[in-house]
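Structure data follow from query06.pdb (PDB, C-alpha atoms):
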```pdb
ATOM      1  CA  MET Q   1       5.082 -29.295  -1.245
ATOM      2  CA  SER Q   2       5.002 -30.073  -4.973
ATOM      3  CA  SER Q   3       8.342 -30.440  -6.710
ATOM      4  CA  TRP Q   4       7.452 -28.022  -9.509
ATOM      5  CA  ILE Q   5       7.899 -25.063  -7.184
ATOM      6  CA  PRO Q   6      11.539 -24.083  -7.585
ATOM      7  CA  LEU Q   7      13.860 -24.308  -4.620
ATOM      8  CA  TRP Q   8      14.554 -20.568  -4.541
ATOM      9  CA  LEU Q   9      10.881 -19.917  -3.946
ATOM     10  CA  HIS Q  10      10.985 -22.173  -0.898
ATOM     11  CA  LYS Q  11      14.035 -20.326   0.344
ATOM     12  CA  LEU Q  12      12.360 -16.957  -0.241
ATOM     13  CA  GLY Q  13       9.648 -18.036   2.169
ATOM     14  CA  SER Q  14      12.137 -18.127   5.035
ATOM     15  CA  PRO Q  15      12.097 -14.817   6.961
ATOM     16  CA  PRO Q  16      15.868 -14.005   6.948
ATOM     17  CA  THR Q  17      16.139 -14.702   3.195
ATOM     18  CA  PHE Q  18      13.074 -12.617   2.422
ATOM     19  CA  TYR Q  19      14.358  -9.848   4.692
ATOM     20  CA  ARG Q  20      17.566  -9.610   2.636
ATOM     21  CA  PHE Q  21      15.725  -9.962  -0.693
ATOM     22  CA  ALA Q  22      13.231  -7.226   0.199
ATOM     23  CA  GLY Q  23      16.108  -5.028   1.374
ATOM     24  CA  THR Q  24      17.720  -5.283  -2.077
ATOM     25  CA  LEU Q  25      14.448  -4.832  -3.959
ATOM     26  CA  GLN Q  26      13.105  -1.857  -1.987
ATOM     27  CA  PRO Q  27      15.525   0.919  -3.144
ATOM     28  CA  TRP Q  28      15.102  -0.079  -6.820
ATOM     29  CA  ALA Q  29      11.325  -0.085  -6.531
ATOM     30  CA  THR Q  30      11.418   3.296  -4.771
ATOM     31  CA  ALA Q  31      13.680   4.780  -7.456
ATOM     32  CA  LEU Q  32      11.448   3.489 -10.276
ATOM     33  CA  ALA Q  33       8.316   4.755  -8.504
ATOM     34  CA  LEU Q  34       9.824   8.231  -8.100
ATOM     35  CA  LEU Q  35      11.150   8.379 -11.663
ATOM     36  CA  LEU Q  36       7.919   7.155 -13.280
ATOM     37  CA  GLY Q  37       5.866   9.320 -10.919
ATOM     38  CA  VAL Q  38       7.733  12.487 -11.872
ATOM     39  CA  VAL Q  39       7.573  11.710 -15.607
ATOM     40  CA  GLY Q  40       3.905  10.701 -15.483
ATOM     41  CA  LEU Q  41       2.763  13.673 -13.412
ATOM     42  CA  TYR Q  42       4.765  16.081 -15.596
ATOM     43  CA  GLY Q  43       2.995  14.576 -18.605
ATOM     44  CA  GLY Q  44      -0.363  14.814 -16.866
ATOM     45  CA  LEU Q  45      -0.116  18.244 -15.272
ATOM     46  CA  VAL Q  46       1.965  20.100 -17.884
ATOM     47  CA  LEU Q  47       2.062  18.354 -21.264
ATOM     48  CA  ALA Q  48      -1.481  16.975 -21.551
ATOM     49  CA  PRO Q  49      -4.045  19.448 -22.909
ATOM     50  CA  ALA Q  50      -7.052  20.592 -20.889
ATOM     51  CA  ASP Q  51     -10.250  18.601 -21.351
ATOM     52  CA  TYR Q  52     -12.785  20.170 -23.721
ATOM     53  CA  GLN Q  53     -15.597  19.811 -21.173
ATOM     54  CA  GLN Q  54     -13.952  19.669 -17.747
ATOM     55  CA  GLY Q  55     -11.101  22.118 -18.346
ATOM     56  CA  ASP Q  56      -8.186  21.525 -15.979
ATOM     57  CA  ALA Q  57     -10.285  19.864 -13.253
ATOM     58  CA  TYR Q  58      -9.951  16.511 -15.047
ATOM     59  CA  ARG Q  59      -6.235  16.461 -14.090
ATOM     60  CA  ILE Q  60      -7.264  14.818 -10.826
ATOM     61  CA  ILE Q  61      -7.666  11.685 -12.984
ATOM     62  CA  PHE Q  62      -3.877  11.161 -12.953
ATOM     63  CA  ILE Q  63      -3.938  10.289  -9.249
ATOM     64  CA  HIS Q  64      -7.578   9.253  -8.790
ATOM     65  CA  VAL Q  65      -7.682   6.437 -11.322
ATOM     66  CA  PRO Q  66      -4.239   4.902 -10.522
ATOM     67  CA  SER Q  67      -5.171   4.971  -6.816
ATOM     68  CA  ALA Q  68      -8.519   3.324  -7.538
ATOM     69  CA  TRP Q  69      -6.815   0.592  -9.586
ATOM     70  CA  MET Q  70      -4.297   0.089  -6.778
ATOM     71  CA  SER Q  71      -7.065  -0.215  -4.173
ATOM     72  CA  MET Q  72      -8.505  -3.193  -6.087
ATOM     73  CA  PHE Q  73      -5.109  -4.632  -7.065
ATOM     74  CA  ILE Q  74      -3.847  -4.569  -3.462
ATOM     75  CA  TYR Q  75      -7.090  -6.151  -2.262
ATOM     76  CA  GLY Q  76      -6.507  -8.927  -4.808
ATOM     77  CA  VAL Q  77      -2.930  -9.469  -3.602
ATOM     78  CA  MET Q  78      -4.158  -9.466  -0.003
ATOM     79  CA  GLY Q  79      -6.862 -12.022  -0.872
ATOM     80  CA  VAL Q  80      -4.428 -14.379  -2.639
ATOM     81  CA  ALA Q  81      -1.835 -14.082   0.148
ATOM     82  CA  SER Q  82      -4.591 -14.694   2.725
ATOM     83  CA  PHE Q  83      -5.650 -17.853   0.889
ATOM     84  CA  ILE Q  84      -2.046 -19.112   0.823
ATOM     85  CA  ALA Q  85      -1.669 -18.221   4.503
ATOM     86  CA  LEU Q  86      -4.800 -20.151   5.497
ATOM     87  CA  VAL Q  87      -4.142 -23.220   3.329
ATOM     88  CA  TRP Q  88      -0.375 -23.679   3.694
ATOM     89  CA  ARG Q  89       0.220 -21.796   6.967
ATOM     90  CA  ILE Q  90       3.153 -19.882   5.486
ATOM     91  CA  LYS Q  91       4.243 -17.132   7.858
ATOM     92  CA  LEU Q  92       5.477 -14.890   5.033
ATOM     93  CA  ALA Q  93       2.068 -15.057   3.303
ATOM     94  CA  GLU Q  94       0.447 -13.828   6.520
ATOM     95  CA  VAL Q  95       2.950 -10.963   6.650
ATOM     96  CA  VAL Q  96       2.324 -10.000   3.006
ATOM     97  CA  ALA Q  97      -1.454 -10.098   3.490
ATOM     98  CA  MET Q  98      -1.504  -8.141   6.749
ATOM     99  CA  GLU Q  99       1.063  -5.555   5.658
ATOM    100  CA  SER Q 100      -0.774  -4.997   2.353
ATOM    101  CA  ALA Q 101      -3.915  -3.927   4.202
ATOM    102  CA  PRO Q 102      -2.679  -0.485   5.404
ATOM    103  CA  ILE Q 103      -1.276   0.333   1.937
ATOM    104  CA  GLY Q 104      -4.566  -0.697   0.348
ATOM    105  CA  ALA Q 105      -6.495   1.378   2.865
ATOM    106  CA  ALA Q 106      -4.238   4.368   2.053
ATOM    107  CA  PHE Q 107      -4.946   4.094  -1.701
ATOM    108  CA  THR Q 108      -8.682   3.567  -1.124
ATOM    109  CA  PHE Q 109      -8.763   6.654   1.089
ATOM    110  CA  ILE Q 110      -6.918   8.680  -1.590
ATOM    111  CA  THR Q 111      -9.403   7.431  -4.203
ATOM    112  CA  LEU Q 112     -12.421   8.503  -2.144
ATOM    113  CA  VAL Q 113     -11.085  11.950  -1.216
ATOM    114  CA  THR Q 114      -9.700  12.838  -4.664
ATOM    115  CA  GLY Q 115     -12.971  11.601  -6.168
ATOM    116  CA  SER Q 116     -14.843  13.875  -3.792
ATOM    117  CA  LEU Q 117     -12.649  16.843  -4.779
ATOM    118  CA  TRP Q 118     -13.338  16.027  -8.415
ATOM    119  CA  GLY Q 119     -17.061  15.461  -7.870
ATOM    120  CA  LYS Q 120     -17.704  18.836  -6.261
ATOM    121  CA  PRO Q 121     -16.910  20.999  -9.331
ATOM    122  CA  MET Q 122     -18.134  18.448 -11.926
ATOM    123  CA  TRP Q 123     -21.217  16.861 -10.359
ATOM    124  CA  GLY Q 124     -21.985  19.633  -7.865
ATOM    125  CA  THR Q 125     -21.701  17.335  -4.849
ATOM    126  CA  TRP Q 126     -18.929  16.029  -2.603
ATOM    127  CA  TRP Q 127     -20.639  12.694  -2.104
ATOM    128  CA  THR Q 128     -23.584  10.701  -3.377
ATOM    129  CA  TRP Q 129     -24.665   7.107  -2.719
ATOM    130  CA  ASP Q 130     -23.760   6.086  -6.238
ATOM    131  CA  ALA Q 131     -22.971   2.377  -6.803
ATOM    132  CA  ARG Q 132     -19.286   2.930  -7.582
ATOM    133  CA  LEU Q 133     -18.729   5.347  -4.687
ATOM    134  CA  THR Q 134     -20.574   3.147  -2.202
ATOM    135  CA  SER Q 135     -18.772  -0.061  -3.187
ATOM    136  CA  GLU Q 136     -15.412   1.750  -2.962
ATOM    137  CA  LEU Q 137     -16.372   2.942   0.536
ATOM    138  CA  VAL Q 138     -17.205  -0.679   1.440
ATOM    139  CA  LEU Q 139     -13.709  -1.590   0.164
ATOM    140  CA  LEU Q 140     -12.214   0.937   2.610
ATOM    141  CA  PHE Q 141     -14.241  -0.576   5.465
ATOM    142  CA  LEU Q 142     -13.051  -4.059   4.458
ATOM    143  CA  PHE Q 143      -9.418  -2.932   4.603
ATOM    144  CA  LEU Q 144     -10.034  -1.275   7.985
ATOM    145  CA  GLY Q 145     -11.887  -4.384   9.182
ATOM    146  CA  VAL Q 146      -8.943  -6.614   8.245
ATOM    147  CA  ILE Q 147      -6.512  -4.270  10.055
ATOM    148  CA  GLY Q 148      -8.772  -4.082  13.125
ATOM    149  CA  LEU Q 149      -9.395  -7.824  13.346
ATOM    150  CA  TYR Q 150      -5.672  -8.526  12.976
ATOM    151  CA  HIS Q 151      -4.844  -6.289  15.935
ATOM    152  CA  ALA Q 152      -7.767  -7.517  18.068
ATOM    153  CA  PHE Q 153      -6.002 -10.766  18.967
ATOM    154  CA  GLU Q 154      -3.328 -11.203  21.615
ATOM    155  CA  ASP Q 155      -1.620 -13.842  19.464
ATOM    156  CA  ARG Q 156      -0.437 -12.224  16.226
ATOM    157  CA  ARG Q 157      -0.638 -15.355  14.095
ATOM    158  CA  GLN Q 158      -4.127 -16.168  15.328
ATOM    159  CA  GLY Q 159      -5.162 -12.623  14.476
ATOM    160  CA  ALA Q 160      -3.619 -12.956  11.016
ATOM    161  CA  ARG Q 161      -5.632 -16.121  10.333
ATOM    162  CA  ALA Q 162      -8.918 -14.523  11.434
ATOM    163  CA  ALA Q 163      -8.216 -11.388   9.371
ATOM    164  CA  ALA Q 164      -7.157 -13.521   6.373
ATOM    165  CA  PHE Q 165     -10.554 -15.229   6.518
ATOM    166  CA  LEU Q 166     -12.313 -11.847   6.443
ATOM    167  CA  ALA Q 167     -10.078 -10.733   3.545
ATOM    168  CA  ILE Q 168     -11.096 -13.809   1.497
ATOM    169  CA  ILE Q 169     -14.819 -13.271   2.119
ATOM    170  CA  GLY Q 170     -14.488  -9.570   1.232
ATOM    171  CA  ILE Q 171     -12.898 -10.308  -2.148
ATOM    172  CA  ILE Q 172     -16.471 -10.592  -3.516
ATOM    173  CA  ASN Q 173     -16.546  -6.776  -3.334
ATOM    174  CA  VAL Q 174     -13.707  -6.311  -5.867
ATOM    175  CA  PRO Q 175     -15.739  -7.353  -8.966
ATOM    176  CA  ILE Q 176     -18.661  -5.356  -7.555
ATOM    177  CA  VAL Q 177     -16.483  -2.212  -7.524
ATOM    178  CA  HIS Q 178     -15.258  -2.964 -11.037
ATOM    179  CA  PHE Q 179     -18.608  -3.727 -12.661
ATOM    180  CA  SER Q 180     -20.712  -1.307 -10.573
ATOM    181  CA  VAL Q 181     -20.674   1.283 -13.385
ATOM    182  CA  ASN Q 182     -22.139  -1.300 -15.797
ATOM    183  CA  TRP Q 183     -24.620  -2.952 -13.440
ATOM    184  CA  TRP Q 184     -26.153   0.199 -11.998
ATOM    185  CA  ASN Q 185     -26.747   3.291 -14.067
ATOM    186  CA  THR Q 186     -25.950   5.942 -11.483
ATOM    187  CA  LEU Q 187     -23.692   8.986 -11.462
ATOM    188  CA  HIS Q 188     -20.116   7.711 -11.808
ATOM    189  CA  GLN Q 189     -18.967   7.447 -15.423
ATOM    190  CA  GLY Q 190     -18.128   4.141 -17.104
ATOM    191  CA  SER Q 191     -14.592   2.908 -17.695
ATOM    192  CA  THR Q 192     -12.514   5.072 -20.003
ATOM    193  CA  VAL Q 193      -9.450   2.859 -20.307
ATOM    194  CA  ASN Q 194     -10.069  -0.650 -21.619
ATOM    195  CA  VAL Q 195      -7.643  -3.530 -21.837
ATOM    196  CA  PHE Q 196      -9.859  -5.234 -24.419
ATOM    197  CA  GLY Q 197     -11.019  -2.831 -27.088
ATOM    198  CA  PRO Q 198     -10.164   0.792 -27.716
ATOM    199  CA  SER Q 199      -9.832   3.281 -24.854
ATOM    200  CA  LYS Q 200     -11.949   6.415 -24.951
ATOM    201  CA  ILE Q 201      -9.121   8.780 -24.100
ATOM    202  CA  SER Q 202      -6.578  10.749 -26.123
ATOM    203  CA  GLY Q 203      -3.026   9.399 -26.256
ATOM    204  CA  ALA Q 204      -1.660  12.627 -24.746
ATOM    205  CA  MET Q 205      -3.736  11.882 -21.632
ATOM    206  CA  LEU Q 206      -3.398   8.093 -21.706
ATOM    207  CA  TRP Q 207       0.378   7.755 -21.471
ATOM    208  CA  PRO Q 208       0.706   9.909 -18.315
ATOM    209  CA  LEU Q 209      -2.158   7.938 -16.740
ATOM    210  CA  LEU Q 210      -0.490   4.592 -17.472
ATOM    211  CA  THR Q 211       2.922   5.893 -16.333
ATOM    212  CA  VAL Q 212       1.548   7.034 -12.968
ATOM    213  CA  THR Q 213      -0.255   3.682 -12.684
ATOM    214  CA  LEU Q 214       3.073   1.896 -13.135
ATOM    215  CA  ALA Q 215       4.645   4.261 -10.568
ATOM    216  CA  THR Q 216       1.995   3.353  -7.984
ATOM    217  CA  LYS Q 217       2.642  -0.358  -8.659
ATOM    218  CA  PHE Q 218       6.352   0.138  -7.876
ATOM    219  CA  TYR Q 219       5.416   2.274  -4.878
ATOM    220  CA  TYR Q 220       3.344  -0.635  -3.548
ATOM    221  CA  VAL Q 221       6.278  -3.045  -4.012
ATOM    222  CA  ALA Q 222       8.598  -0.651  -2.139
ATOM    223  CA  SER Q 223       6.130   0.037   0.653
ATOM    224  CA  LEU Q 224       5.329  -3.663   1.056
ATOM    225  CA  CYS Q 225       9.066  -4.457   1.282
ATOM    226  CA  ARG Q 226       9.539  -1.828   3.997
ATOM    227  CA  ARG Q 227       6.502  -2.969   5.961
ATOM    228  CA  ALA Q 228       7.190  -6.701   5.608
ATOM    229  CA  ARG Q 229      10.824  -6.247   6.721
ATOM    230  CA  THR Q 230       9.764  -4.329   9.819
ATOM    231  CA  ASP Q 231       7.026  -6.841  10.599
ATOM    232  CA  LEU Q 232       9.456  -9.779  10.254
ATOM    233  CA  LEU Q 233      11.851  -8.101  12.714
ATOM    234  CA  ASP Q 234       8.977  -7.762  15.180
ATOM    235  CA  LEU Q 235       7.617 -11.292  14.653
ATOM    236  CA  GLU Q 236      11.016 -12.959  14.890
ATOM    237  CA  SER Q 237      12.585 -10.672  17.493
ATOM    238  CA  GLY Q 238      13.681 -13.670  19.596
ATOM    239  CA  LYS Q 239      15.678 -15.219  16.753
ATOM    240  CA  ASP Q 240      19.425 -14.964  16.233
ATOM    241  CA  TRP Q 241      19.279 -13.265  12.808
ATOM    242  CA  VAL Q 242      17.178 -10.392  14.209
ATOM    243  CA  ARG Q 243      19.473 -10.118  17.237
ATOM    244  CA  ARG Q 244      22.454  -9.717  14.896
ATOM    245  CA  ILE Q 245      20.678  -6.930  12.978
ATOM    246  CA  ALA Q 246      19.812  -5.150  16.251
ATOM    247  CA  GLU Q 247      23.433  -5.347  17.389
ATOM    248  CA  ASP Q 248      24.831  -4.296  14.000
ATOM    249  CA  GLU Q 249      22.603  -1.227  13.906
ATOM    250  CA  ALA Q 250      23.251  -0.249  17.525
ATOM    251  CA  GLY Q 251      26.242   1.886  16.549
ATOM    252  CA  ARG Q 252      24.333   3.885  13.963
TER     253      ARG Q 252
ATOM    254  CA  MET O 253      -0.730  36.067 -16.652
ATOM    255  CA  SER O 254       2.644  34.350 -16.740
ATOM    256  CA  ALA O 255       2.939  30.704 -17.762
ATOM    257  CA  LEU O 256       3.649  29.673 -14.179
ATOM    258  CA  GLN O 257       0.672  31.580 -12.793
ATOM    259  CA  HIS O 258      -1.443  30.025 -15.513
ATOM    260  CA  PHE O 259      -0.218  26.579 -14.458
ATOM    261  CA  PHE O 260      -0.989  27.120 -10.757
ATOM    262  CA  ALA O 261      -4.417  28.582 -11.545
ATOM    263  CA  MET O 262      -5.448  25.226 -13.138
ATOM    264  CA  GLY O 263      -8.083  26.970 -15.226
ATOM    265  CA  GLY O 264      -9.901  28.117 -12.091
ATOM    266  CA  TYR O 265      -9.951  24.646 -10.517
ATOM    267  CA  ALA O 266      -6.842  25.159  -8.345
ATOM    268  CA  ALA O 267      -8.931  24.789  -5.166
ATOM    269  CA  TYR O 268      -9.805  21.208  -6.192
ATOM    270  CA  VAL O 269      -6.757  19.985  -8.124
ATOM    271  CA  TRP O 270      -3.986  21.015  -5.693
ATOM    272  CA  PRO O 271      -5.610  19.716  -2.481
ATOM    273  CA  ALA O 272      -6.142  16.382  -4.284
ATOM    274  CA  TYR O 273      -2.440  16.207  -5.150
ATOM    275  CA  ALA O 274      -1.402  17.396  -1.678
ATOM    276  CA  LEU O 275      -3.473  14.648  -0.053
ATOM    277  CA  PHE O 276      -2.056  12.024  -2.424
ATOM    278  CA  PHE O 277       1.517  12.883  -1.420
ATOM    279  CA  ALA O 278       0.743  13.400   2.277
ATOM    280  CA  VAL O 279      -0.845   9.948   2.593
ATOM    281  CA  LEU O 280       1.988   8.228   0.729
ATOM    282  CA  VAL O 281       4.659  10.016   2.796
ATOM    283  CA  ALA O 282       2.881   8.954   6.001
ATOM    284  CA  ASP O 283       2.735   5.387   4.679
ATOM    285  CA  THR O 284       6.497   5.525   4.002
ATOM    286  CA  VAL O 285       7.469   7.019   7.358
ATOM    287  CA  ALA O 286       5.283   4.772   9.563
ATOM    288  CA  PRO O 287       7.209   1.498   9.017
ATOM    289  CA  ARG O 288      10.561   3.287   9.491
ATOM    290  CA  LEU O 289       9.459   4.587  12.892
ATOM    291  CA  ARG O 290       8.116   1.171  13.838
ATOM    292  CA  ARG O 291      11.384  -0.462  12.775
ATOM    293  CA  ARG O 292      13.372   1.907  14.992
ATOM    294  CA  ARG O 293      11.046   1.196  17.935
ATOM    295  CA  VAL O 294      11.227  -2.598  17.453
ATOM    296  CA  LEU O 295      15.028  -2.602  17.346
ATOM    297  CA  THR O 296      15.363  -0.241  20.338
ATOM    298  CA  GLU O 297      13.055  -2.456  22.410
ATOM    299  CA  LEU O 298      14.973  -5.571  21.361
ATOM    300  CA  ARG O 299      18.320  -4.002  22.321
ATOM    301  CA  ALA O 300      16.890  -2.974  25.706
ATOM    302  CA  ARG O 301      15.685  -6.536  26.274
ATOM    303  CA  LEU O 302      19.075  -7.975  25.328
ATOM    304  CA  ALA O 303      20.828  -5.527  27.669
ATOM    305  CA  ARG O 304      18.528  -6.527  30.556
ATOM    306  CA  GLN O 305      19.202 -10.198  29.849
ATOM    307  CA  SER O 306      22.978  -9.845  29.885
ATOM    308  CA  ALA O 307      22.830  -7.681  33.038
ATOM    309  CA  ARG O 308      20.813 -10.379  34.783
ATOM    310  CA  GLN O 309      23.322 -13.029  33.755
ATOM    311  CA  GLU O 310      26.210 -11.003  35.182
ATOM    312  CA  ARG O 311      24.498 -10.440  38.530
ATOM    313  CA  LYS O 312      23.564 -14.085  38.924
ATOM    314  CA  PRO O 313      26.605 -16.349  38.524
ATOM    315  CA  PRO O 314      26.080 -19.768  36.945
ATOM    316  CA  SER O 315      24.188 -22.207  39.196
ATOM    317  CA  THR O 316      27.138 -24.617  39.407
ATOM    318  CA  PRO O 317      28.719 -24.417  42.896
ATOM    319  CA  ALA O 318      31.580 -21.929  42.758
ATOM    320  CA  SER O 319      33.134 -22.646  46.179
ATOM    321  CA  PRO O 320      33.796 -26.025  47.724
TER     322      PRO O 320
END
```
What does this structure look like when you write it as structure tokens?
Amino acid sequence: MSSWIPLWLHKLGSPPTFYRFAGTLQPWATALALLLGVVGLYGGLVLAPADYQQGDAYRIIFIHVPSAWMSMFIYGVMGVASFIALVWRIKLAEVVAMESAPIGAAFTFITLVTGSLWGKPMWGTWWTWDARLTSELVLLFLFLGVIGLYHAFEDRRQGARAAAFLAIIGIINVPIVHFSVNWWNTLHQGSTVNVFGPSKISGAMLWPLLTVTLATKFYYVASLCRRARTDLLDLESGKDWVRRIAEDEAGR
Amino acid sequence: MSALQHFFAMGGYAAYVWPAYALFFAVLVADTVAPRLRRRRVLTELRARLARQSARQERKPPSTPASP
């Protein structure tokens, strides 16, 4: 491949090296996720004031919005990894794409259910076919479709390529989820937090929201490390390096 | 009402806020536990396969003629 890609990146693509790297990274990511999660949720549940219109019900925002952002972020990572897997046939990219799908599905599911629990007291309904809600539901089905297609093949790598193709096609849904509140004027509110331009939220509510968002990012890194390591052991179970790990851990 | 009771009451929205948080943590815990269980299963199966292989090798001596 091109010479501008540093050597260590090439080495990281090899399963035993990535296995060790992910093993070192995972506890740090877990610790940061827990620390930031505790601080952010304390800020959100205890320190932040109640909303002047929604009272304390708005506190669902501190898990709903970070989960929603993660559902789109993880789909993006899955799409990019799928593209790399299809173009360069890198085994690790297939692993990252396919092991991201269950985590993405988990966050999408959390988004839909917490949104429902928030919608009932505020909108008076658990569910409505609003543009944002519907496109997020489609995102869940895309994640589940990728997982299902991956497992439908006898040959794991063939399944990964088919599922990667579906993941790339489905990426069209990510901007639809994001812009749905602007394109269709239905029930779900517009974006409150803006990267460009001022956010329409008080600082006492914003910092816990951003802290929990960061915590979910680190959670994703940790979960992906755990899942990718396990998947590599399964994929490469005939190789010597996996055999050594199996023998080393036999005594434990 | 004590401060703690006030906190758990969530201004009357406890029935919506706490289930949302409970689900959030339940799903993430399940997502954390699943790969650990799979890892244990993968390694146990691999060790069983290795044990079968070495047992087979012991039963069947090398194909080179042992006796003249």
_Given the PyMOL selection byres ((chain O) within 6 of (chain Q)) and the file above, list the residues it selects as JSON, numbers by chain._
{"O": [262, 263, 265, 268, 269, 272, 276, 287, 291, 295]}
*Starting from the shown file, work through the PyMOL selection byres ((chain Q and resi 91) around 12) and note down what comes out as a VMD selection string.*
chain Q and resid 12 to 15 18 81 to 82 84 to 90 92 to 98 156 to 158 160 to 161 228 231 to 232 235 to 236
*Let me know the residues the PyMOL selection byres ((chain Q and resi 75) around 8) catches in the file above, as an NGL selection string.*
:Q and (71-74 or 76-79 or 100-101 or 104 or 143 or 167 or 171 or 174)
Take the residues just selected and output them with C-alpha atoms as a PDB file, keeping the file's coordinate frame.
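Written out: again_16.pdb:
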```pdb
ATOM      1  CA  SER Q  71      -7.065  -0.215  -4.173  1.00  0.00           C
ATOM      2  CA  MET Q  72      -8.505  -3.193  -6.087  1.00  0.00           C
ATOM      3  CA  PHE Q  73      -5.109  -4.632  -7.065  1.00  0.00           C
ATOM      4  CA  ILE Q  74      -3.847  -4.569  -3.462  1.00  0.00           C
ATOM      5  CA  GLY Q  76      -6.507  -8.927  -4.808  1.00  0.00           C
ATOM      6  CA  VAL Q  77      -2.930  -9.469  -3.602  1.00  0.00           C
ATOM      7  CA  MET Q  78      -4.158  -9.466  -0.003  1.00  0.00           C
ATOM      8  CA  GLY Q  79      -6.862 -12.022  -0.872  1.00  0.00           C
ATOM      9  CA  SER Q 100      -0.774  -4.997   2.353  1.00  0.00           C
ATOM     10  CA  ALA Q 101      -3.915  -3.927   4.202  1.00  0.00           C
ATOM     11  CA  GLY Q 104      -4.566  -0.697   0.348  1.00  0.00           C
ATOM     12  CA  PHE Q 143      -9.418  -2.932   4.603  1.00  0.00           C
ATOM     13  CA  ALA Q 167     -10.078 -10.733   3.545  1.00  0.00           C
ATOM     14  CA  ILE Q 171     -12.898 -10.308  -2.148  1.00  0.00           C
ATOM     15  CA  VAL Q 174     -13.707  -6.311  -5.867  1.00  0.00           C
TER      16      VAL Q 174
END
```
*asked:* For a test of reading the model, state the distance in Å between atom CA of Q:Ile172 and atom CA of Q:Phe141, rounded to one decimal.
replied: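 For atom CA of Q:Ile172 relative to atom CA of Q:Phe141, the distance reads 13.6 Å.
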*Grab the atom CA of Q:Val138 to atom CA of Q:Ile168 distance for me, in Å with one decimal place.*
14.5 Å
_Near-Q:Val39 list (10 Å; all atoms listed in the file; drop same-chain fewer than 5 positions) as a ChimeraX atom specification_ = /Q:33-34,44,208,211-212,215
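If you measure from each of Q:Ala22, Q:Val38, Q:Val177, Q:Ile147 to Q:Leu209 using only C-alpha atoms, the closest one turns out to be Q:Val38.
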_Please compute the atom CA of Q:Val221-atom CA of Q:Pro66 distance, one decimal, in Å._
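One can read the atom CA of Q:Val221 to atom CA of Q:Pro66 distance as 14.7 Å.
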*asked:* Here is a test: counting only C-alpha atoms, which residue of Q:Pro6, Q:Gly23, Q:Gly37, Q:Gly43 is nearest to Q:Trp207?
replied: Q:Gly43
*List every protein, DNA or RNA residue that has an atom no more than 12 Å from (19.3, -7.3, 26.7) in the file's coordinate frame, counting all atoms listed in the file, and report them as JSON, numbers by chain.*
{"Q": [237, 238, 243, 246, 247], "O": [295, 296, 297, 298, 299, 300, 301, 302, 303, 304, 305, 306, 307, 308, 309, 310]}
Store the residues of this selection in a file with C-alpha atoms, as a CSV table (one decimal), in the coordinates of the input.
```
chain,number,residue,atom,x,y,z
Q,237,SER,CA,12.6,-10.7,17.5
Q,238,GLY,CA,13.7,-13.7,19.6
Q,243,ARG,CA,19.5,-10.1,17.2
Q,246,ALA,CA,19.8,-5.2,16.3
Q,247,GLU,CA,23.4,-5.3,17.4
O,295,LEU,CA,15.0,-2.6,17.3
O,296,THR,CA,15.4,-0.2,20.3
O,297,GLU,CA,13.1,-2.5,22.4
O,298,LEU,CA,15.0,-5.6,21.4
O,299,ARG,CA,18.3,-4.0,22.3
O,300,ALA,CA,16.9,-3.0,25.7
O,301,ARG,CA,15.7,-6.5,26.3
O,302,LEU,CA,19.1,-8.0,25.3
O,303,ALA,CA,20.8,-5.5,27.7
O,304,ARG,CA,18.5,-6.5,30.6
O,305,GLN,CA,19.2,-10.2,29.8
O,306,SER,CA,23.0,-9.8,29.9
O,307,ALA,CA,22.8,-7.7,33.0
O,308,ARG,CA,20.8,-10.4,34.8
O,309,GLN,CA,23.3,-13.0,33.8
O,310,GLU,CA,26.2,-11.0,35.2
```
